[in-house]
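I have placed the structure first, in the form of structure tokens, so that the comments after it can refer back to it.
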Amino acid sequence: MAEENPHNCPRCGHTLPGDARICLECGVDLALFAMLADKAYLDGVSVPSTSVPSPEVLVPRIGQYLLQQGLLTQEKLDEALKRQAELAEQGERLLLGQTLVQMGFIDQDILDRVVTQQIIELHAALQETNRTLEERVRERTSELRHTLDRLTEISQIKANLISNISHELRTPLAHIKGYIELLAEEQLGPLSPEQGQAMDVIQRASQRLGGLIEDLIEFSTASREGLRIEMQDITLADLATDVIERSQEKAEKVGVSIHTEIESGLPPLRADPDRLSWVLFQLMDNGIKFTPSGGNVTFTAKQENKQVLISIQDTGIGIPTDRVKELFEPFHQLDASPTRRYGGTGLGLAFVKLILEAHGTVMRVESEEGEGSTFSFPLHIAHGSE
């Protein structure tokens with residue numbers, strides 16, 4: 001028996017039986033769009049403005065659509081719009097389609113078909129918009145990936161360049177230091193008191209230069225290949241004593257006092273002694289360098305559960321809160337001006353960060369400009385010492 005009340009698909013126009021749910025020609029789910037049509041008829045069609053343009057941009061307004069399809073004249077549309085405005089002033093809100101039906105300019109079947117067709121077109125437009133957005137996301141992701149690869153490549157080139165230059169500087173510096181020692185020991189002839197003092201200055205400068213070169217090589221190698229550490233059980237008090245003794249001479253020269261607050265009976269720690277010693281000396285050295293004469297640098301260590309918290313606190317110039325993160329960027333100085341007061345390569349804290357990360361810990365910085373800074377980090381207690 002043939003189905004009654006055949007109708008056309010609102011999308012492709014294919015003739016369908018009255019009880020059809022899906023158009024076999026174009027695949028449209030007629031029941032779904034009938035439901036959407038009812039909602040659109042009663043409430044209007046809404047689309048999230050954050051993801052796609054408004055429906056009016058994607059598909060024509062219902063009045064324009066009726067004009068385009070030859071189902072309505074401009075005069076009747078103007079009359080319906082005027083009537084809609086009058087009803088709105090009276091507090092009665094009607095959609096344009098409802099107003100057209102009420103005035104007899106179109107029938108309900110035409111309105112339902114037009115609304116359904118607009119929903120289908122809106123759905124297609126949304127799909128196209130989503131495809132466009134997905135394509136843009138893919139393109140942008142590809143661009144970012146390319147940029148990241150390029151930055152990684154540049155970083156590798158920079159690390160290789162630094163390493164190569166540093167290694168090349170070693171040889172001439174070794175010759176310079178050798179002859180400086182010969183001159184200082186007067187093996188090439190006697191020196192006057194003034195010349196002896198000059199040689200002392202040259203020796204200290206060459207030693208500092210050698211240290212900087214070694215730091216460059218060490219950092220570039222660690223950046224490329226990772227940091228090698230040799231973990232063992234260590235006694236922090238002994239390590240701290242050595243670091244403080246090495247820092248004392250510089251502190252006295254600039255008028256800075258060093259204080260220690262190391263809790264007695266601390267258990268052994270699990271760490272690389274050479275690396276940790278370098279970290280502690282670097283932090284002490286920074287504290288002394290950035291503390292004016294008359295200030296203090298305090299080395300503190302205390303046990304907290306299964307860790308020992310180590311802190312180096314100074315009463316120096318402090319760091320602006322919004323610039324703390326810059327401290328650990330390699331080759332970066334907070335004061336990058338040619339007339340900056342404090343020297344350095346900007347590698348110290350960057351290397352400190354690498355070493356601490358290799359120990360499974362992180363640095364915490366607390367600072368207030370003009371009031372001083374505190375650098376602290378926890379280290380694990382050696383197994384069997386809890």
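Labeling convention for the structure tokens: chains A, B, ... as they appear, residues from 1 per chain, ligands from 1 in order of appearance.
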
Please run DSSP on the backbone and report, as an MDAnalysis selection string, all residues within segment 238-301 of chain A that come out as alpha helix (DSSP H). chainID A and resid 238:254 273:289

Could the residues in this selection be written to a file with C-alpha atoms, as a short mmCIF file (atom, residue, chain, number, x, y, z; two decimals), in the first residue's frame?
data_model
loop_
_atom_site.label_atom_id
_atom_site.label_comp_id
_atom_site.auth_asym_id
_atom_site.auth_seq_id
_atom_site.Cartn_x
_atom_site.Cartn_y
_atom_site.Cartn_z
CA ASP A 238 81.50 19.78 56.06
CA LEU A 239 80.51 20.94 52.60
CA ALA A 240 79.05 24.20 53.95
CA THR A 241 82.17 24.93 56.01
CA ASP A 242 84.36 24.66 52.91
CA VAL A 243 82.03 26.90 50.87
CA ILE A 244 81.89 29.57 53.58
CA GLU A 245 85.67 29.59 53.99
CA ARG A 246 86.09 30.11 50.25
CA SER A 247 83.52 32.94 50.33
CA GLN A 248 84.95 34.70 53.38
CA GLU A 249 87.76 36.57 51.62
CA LYS A 250 85.45 38.22 49.09
CA ALA A 251 82.92 39.08 51.79
CA GLU A 252 85.56 40.80 53.93
CA LYS A 253 86.79 42.84 50.97
CA VAL A 254 83.35 44.30 50.32
CA PRO A 273 79.25 16.76 46.42
CA ASP A 274 81.12 18.64 43.68
CA ARG A 275 77.95 19.86 41.99
CA LEU A 276 76.27 20.82 45.26
CA SER A 277 79.42 22.60 46.43
CA TRP A 278 79.39 24.60 43.17
CA VAL A 279 75.73 25.52 43.68
CA LEU A 280 76.25 26.67 47.26
CA PHE A 281 79.34 28.69 46.36
CA GLN A 282 77.51 30.32 43.44
CA LEU A 283 74.59 31.32 45.65
CA MET A 284 76.89 32.64 48.37
CA ASP A 285 78.93 34.53 45.80
CA ASN A 286 75.80 36.11 44.32
CA GLY A 287 74.55 37.09 47.75
CA ILE A 288 77.86 38.79 48.56
CA LYS A 289 78.06 40.48 45.15
#

Please determine, counting only C-alpha atoms, which residue among A:Glu86, A:Glu181, A:Glu326, A:Glu230 has the shortest atom-to-atom distance to Ala358 of chain A. A:Glu230

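Between atom CA of Leu327 of chain A and atom CA of Gln232 of chain A lies a distance of 28.9 Å.
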
Considering only C-alpha atoms, return as a PDB file with N, CA and C atoms, in the first residue's frame whatever protein or nucleic-acid residues lie within 8 Å of segment 164-173 of chain A, sequence-local ones (same chain, fewer than 5 positions apart) excluded.
ATOM      1  N   SER A 206      93.365  36.182  35.118  1.00  0.00           N
ATOM      2  CA  SER A 206      93.477  35.007  34.248  1.00  0.00           C
ATOM      3  C   SER A 206      92.768  33.801  34.868  1.00  0.00           C
ATOM      4  N   GLY A 210      89.717  31.854  33.199  1.00  0.00           N
ATOM      5  CA  GLY A 210      89.724  30.404  33.062  1.00  0.00           C
ATOM      6  C   GLY A 210      88.464  29.778  33.636  1.00  0.00           C
ATOM      7  N   ILE A 213      85.521  30.367  31.254  1.00  0.00           N
ATOM      8  CA  ILE A 213      85.595  29.477  30.092  1.00  0.00           C
ATOM      9  C   ILE A 213      85.140  28.071  30.463  1.00  0.00           C
ATOM     10  N   GLU A 214      85.590  27.589  31.617  1.00  0.00           N
ATOM     11  CA  GLU A 214      85.184  26.253  32.054  1.00  0.00           C
ATOM     12  C   GLU A 214      83.673  26.192  32.293  1.00  0.00           C
ATOM     13  N   LEU A 216      81.431  27.993  30.728  1.00  0.00           N
ATOM     14  CA  LEU A 216      80.806  27.983  29.406  1.00  0.00           C
ATOM     15  C   LEU A 216      80.813  26.585  28.810  1.00  0.00           C
ATOM     16  N   ILE A 217      81.945  25.927  28.899  1.00  0.00           N
ATOM     17  CA  ILE A 217      82.062  24.566  28.359  1.00  0.00           C
ATOM     18  C   ILE A 217      81.119  23.626  29.098  1.00  0.00           C
TER      19      ILE A 217
END

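Using only C-alpha atoms, the contacts of Asp322 of chain A at a cut-off of 12 Å, with sequence neighbours closer than 3 positions omitted, comprise Gly318, Ile319, Lys325, Glu326, Leu327, Leu334, Val365, Glu366, Ser367, Glu368 and Glu369 of chain A.
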
Expressed in Å to a single decimal, how great is the separation between atom CA of Asp112 of chain A and atom CA of Gly91 of chain A? 25.1 Å

Which residues, written as a short mmCIF file (atom, residue, chain, number, x, y, z; two decimals) with C-alpha atoms, in the first residue's frame, have at least one atom at most 7 Å from segment 257-261 of chain A, with only C-alpha atoms counted and residues fewer than 3 positions away on the same chain left out?
data_model
loop_
_atom_site.label_atom_id
_atom_site.label_comp_id
_atom_site.auth_asym_id
_atom_site.auth_seq_id
_atom_site.Cartn_x
_atom_site.Cartn_y
_atom_site.Cartn_z
CA ALA A 251 82.92 39.08 51.79
CA GLY A 295 75.00 43.93 54.90
CA ASN A 296 74.70 40.25 55.74
CA VAL A 297 74.53 36.90 53.95
CA THR A 298 73.13 34.01 55.98
CA PHE A 299 73.53 30.30 55.23
CA THR A 300 70.70 28.27 56.80
CA ALA A 301 70.03 24.53 56.84
#

Given the choices A:Gly360, A:Gly97, A:Pro190, A:Gly294, which gets closest to Arg83 of chain A if the distance is worked out from only C-alpha atoms? A:Gly97

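Residues in contact range of Gln207 of chain A, defined as at most 12 Å between only C-alpha atoms, with sequence neighbours fewer than 2 positions away removed, read A:Arg170, A:Leu173, A:Ala174, A:Ile176, A:Lys177, A:Gly178, A:Ile180, A:Glu181, A:Asp200, A:Val201, A:Ile202, A:Gln203, A:Arg204, A:Ala205, A:Leu209, A:Gly210, A:Gly211, A:Leu212, A:Ile213, A:Glu214.
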